[in-house]
Structure formats: C-alpha cells, structure tokens
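Below is one structure, written out as structure tokens, with a few remarks after it.
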Amino acid sequence: MRSQTRERAYEGRYEVTGTHIEYWDDTGFTADGEFIDDVLHHAGMILYRQ
C-alpha cells in the first residue's frame, strides 16, 4: 500500500473586524478570538507572536 502525503494540512480563510478574528477551514472547522494589546486570546488560550 502506498502512503499519500499532503503538502499542507488545511486551507481556510479568516476575517478581522477591529480586534475580533473569525477563521473557517475546508473541513468545516471554525474558530474565533480577540486581539488584546497585540496578543490573541482564543478558547481560554493566550497566543503570543514569536
């Protein structure tokens, strides 16, 4: 059996309105968050830029 590989996992789109971000991918997954002082707050997590 031959293994298949993908160059990328998902494709999607996002929209930013003010400090709010919405994301949708090709699997139907959605996510959203808020930028506060340039830090993304999403689902109880705080995500910083590197």
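Residues are referred to by chain and number: the chain letter is A, B, ... according to the order shown in the structure tokens, the number counts from 1 in that chain, and ligands are numbered separately from 1 in the order shown.
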(request) Would you kindly return, as a ChimeraX atom specification, each protein, DNA or RNA residue with an atom no farther than 10 Å from any atom of A:Tyr48, considering only C-alpha atoms and excluding same-chain residues fewer than 3 positions away? (result) /A:38-41,45
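For A:Tyr10, the non-local neighbours within 12 Å, defined as residues at least 3 positions apart in the same chain or in other chains and counting only C-alpha atoms, are Arg6, Glu7, Arg13, Tyr23, Trp24, Asp25, Asp26, Thr27, Gly28 and Phe29 of chain A.
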Deliver the residues from the most recent selection as a file, using C-alpha atoms, as a PDB file, in the first residue's frame.
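This is the output file out02.pdb:
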```
ATOM      1  CA  ARG A   6      -0.185  16.296   1.659  1.00  0.00           C
ATOM      2  CA  GLU A   7       1.792  19.488   1.132  1.00  0.00           C
ATOM      3  CA  ARG A  13      -9.892  31.914   5.307  1.00  0.00           C
ATOM      4  CA  TYR A  23     -11.497  31.590  10.917  1.00  0.00           C
ATOM      5  CA  TRP A  24     -13.059  28.893   8.702  1.00  0.00           C
ATOM      6  CA  ASP A  25     -11.212  25.964   7.096  1.00  0.00           C
ATOM      7  CA  ASP A  26     -12.046  23.496   4.340  1.00  0.00           C
ATOM      8  CA  THR A  27     -13.095  20.787   6.825  1.00  0.00           C
ATOM      9  CA  GLY A  28     -15.829  22.968   8.332  1.00  0.00           C
ATOM     10  CA  PHE A  29     -13.799  23.854  11.447  1.00  0.00           C
TER      11      PHE A  29
END
```
(request) Enumerate the residues of chain A with a DSSP assignment of strand (DSSP E or B), computed from the backbone, and present them as a ChimeraX atom specification. (result) /A:12-17,20-25,30-36,39-42,45-47
So that I have them on file, write out the residues from the current selection with N, CA and C atoms, as a PDB file, in the first residue's frame.
```
ATOM      1  N   GLY A  12      -7.978  27.554   4.405  1.00  0.00           N
ATOM      2  CA  GLY A  12      -9.069  28.269   5.038  1.00  0.00           C
ATOM      3  C   GLY A  12      -8.997  29.750   4.759  1.00  0.00           C
ATOM      4  N   ARG A  13      -9.868  30.453   5.444  1.00  0.00           N
ATOM      5  CA  ARG A  13      -9.892  31.914   5.307  1.00  0.00           C
ATOM      6  C   ARG A  13     -10.158  32.518   6.670  1.00  0.00           C
ATOM      7  N   TYR A  14      -9.817  33.778   6.791  1.00  0.00           N
ATOM      8  CA  TYR A  14     -10.098  34.471   8.036  1.00  0.00           C
ATOM      9  C   TYR A  14     -10.504  35.910   7.746  1.00  0.00           C
ATOM     10  N   GLU A  15     -11.225  36.482   8.676  1.00  0.00           N
ATOM     11  CA  GLU A  15     -11.642  37.880   8.592  1.00  0.00           C
ATOM     12  C   GLU A  15     -11.359  38.536   9.932  1.00  0.00           C
ATOM     13  N   VAL A  16     -10.807  39.736   9.873  1.00  0.00           N
ATOM     14  CA  VAL A  16     -10.544  40.509  11.081  1.00  0.00           C
ATOM     15  C   VAL A  16     -11.419  41.754  11.026  1.00  0.00           C
ATOM     16  N   THR A  17     -12.190  41.969  12.085  1.00  0.00           N
ATOM     17  CA  THR A  17     -13.024  43.161  12.222  1.00  0.00           C
ATOM     18  C   THR A  17     -12.642  43.817  13.542  1.00  0.00           C
ATOM     19  N   HIS A  20     -11.454  41.596  16.540  1.00  0.00           N
ATOM     20  CA  HIS A  20     -12.036  40.247  16.507  1.00  0.00           C
ATOM     21  C   HIS A  20     -11.592  39.508  15.246  1.00  0.00           C
ATOM     22  N   ILE A  21     -11.223  38.215  15.369  1.00  0.00           N
ATOM     23  CA  ILE A  21     -10.853  37.395  14.214  1.00  0.00           C
ATOM     24  C   ILE A  21     -11.757  36.175  14.157  1.00  0.00           C
ATOM     25  N   GLU A  22     -12.203  35.839  12.951  1.00  0.00           N
ATOM     26  CA  GLU A  22     -13.007  34.639  12.670  1.00  0.00           C
ATOM     27  C   GLU A  22     -12.236  33.813  11.651  1.00  0.00           C
ATOM     28  N   TYR A  23     -12.220  32.486  11.814  1.00  0.00           N
ATOM     29  CA  TYR A  23     -11.497  31.590  10.917  1.00  0.00           C
ATOM     30  C   TYR A  23     -12.394  30.419  10.510  1.00  0.00           C
ATOM     31  N   TRP A  24     -12.329  30.047   9.237  1.00  0.00           N
ATOM     32  CA  TRP A  24     -13.059  28.893   8.702  1.00  0.00           C
ATOM     33  C   TRP A  24     -12.090  28.096   7.842  1.00  0.00           C
ATOM     34  N   ASP A  25     -12.063  26.749   7.988  1.00  0.00           N
ATOM     35  CA  ASP A  25     -11.212  25.964   7.096  1.00  0.00           C
ATOM     36  C   ASP A  25     -12.043  25.036   6.217  1.00  0.00           C
ATOM     37  N   THR A  30     -14.333  25.914  12.594  1.00  0.00           N
ATOM     38  CA  THR A  30     -14.353  27.365  12.776  1.00  0.00           C
ATOM     39  C   THR A  30     -13.698  27.714  14.102  1.00  0.00           C
ATOM     40  N   ALA A  31     -13.151  28.918  14.174  1.00  0.00           N
ATOM     41  CA  ALA A  31     -12.548  29.415  15.410  1.00  0.00           C
ATOM     42  C   ALA A  31     -12.671  30.929  15.415  1.00  0.00           C
ATOM     43  N   ASP A  32     -12.576  31.495  16.602  1.00  0.00           N
ATOM     44  CA  ASP A  32     -12.572  32.945  16.695  1.00  0.00           C
ATOM     45  C   ASP A  32     -11.737  33.355  17.898  1.00  0.00           C
ATOM     46  N   GLY A  33     -11.438  34.643  17.951  1.00  0.00           N
ATOM     47  CA  GLY A  33     -10.649  35.152  19.057  1.00  0.00           C
ATOM     48  C   GLY A  33     -10.647  36.662  19.069  1.00  0.00           C
ATOM     49  N   GLU A  34      -9.980  37.203  20.070  1.00  0.00           N
ATOM     50  CA  GLU A  34      -9.864  38.650  20.228  1.00  0.00           C
ATOM     51  C   GLU A  34      -8.399  39.012  20.404  1.00  0.00           C
ATOM     52  N   PHE A  35      -7.974  40.073  19.725  1.00  0.00           N
ATOM     53  CA  PHE A  35      -6.646  40.619  19.933  1.00  0.00           C
ATOM     54  C   PHE A  35      -6.733  41.678  21.023  1.00  0.00           C
ATOM     55  N   ILE A  36      -5.952  41.488  22.083  1.00  0.00           N
ATOM     56  CA  ILE A  36      -5.870  42.468  23.170  1.00  0.00           C
ATOM     57  C   ILE A  36      -4.404  42.822  23.331  1.00  0.00           C
ATOM     58  N   VAL A  39      -2.036  40.615  21.396  1.00  0.00           N
ATOM     59  CA  VAL A  39      -1.966  39.232  21.848  1.00  0.00           C
ATOM     60  C   VAL A  39      -3.309  38.583  21.535  1.00  0.00           C
ATOM     61  N   LEU A  40      -3.294  37.374  20.926  1.00  0.00           N
ATOM     62  CA  LEU A  40      -4.531  36.705  20.557  1.00  0.00           C
ATOM     63  C   LEU A  40      -5.056  35.864  21.712  1.00  0.00           C
ATOM     64  N   HIS A  41      -6.301  36.116  22.088  1.00  0.00           N
ATOM     65  CA  HIS A  41      -6.994  35.340  23.123  1.00  0.00           C
ATOM     66  C   HIS A  41      -8.011  34.460  22.412  1.00  0.00           C
ATOM     67  N   HIS A  42      -7.838  33.119  22.554  1.00  0.00           N
ATOM     68  CA  HIS A  42      -8.695  32.170  21.843  1.00  0.00           C
ATOM     69  C   HIS A  42      -8.929  30.938  22.711  1.00  0.00           C
ATOM     70  N   MET A  45      -6.976  30.233  25.693  1.00  0.00           N
ATOM     71  CA  MET A  45      -5.520  30.291  25.496  1.00  0.00           C
ATOM     72  C   MET A  45      -5.104  31.715  25.174  1.00  0.00           C
ATOM     73  N   ILE A  46      -3.857  32.026  25.477  1.00  0.00           N
ATOM     74  CA  ILE A  46      -3.272  33.308  25.140  1.00  0.00           C
ATOM     75  C   ILE A  46      -2.099  33.016  24.212  1.00  0.00           C
ATOM     76  N   LEU A  47      -2.164  33.535  22.989  1.00  0.00           N
ATOM     77  CA  LEU A  47      -1.154  33.222  21.959  1.00  0.00           C
ATOM     78  C   LEU A  47      -0.344  34.478  21.642  1.00  0.00           C
TER      79      LEU A  47
END
```
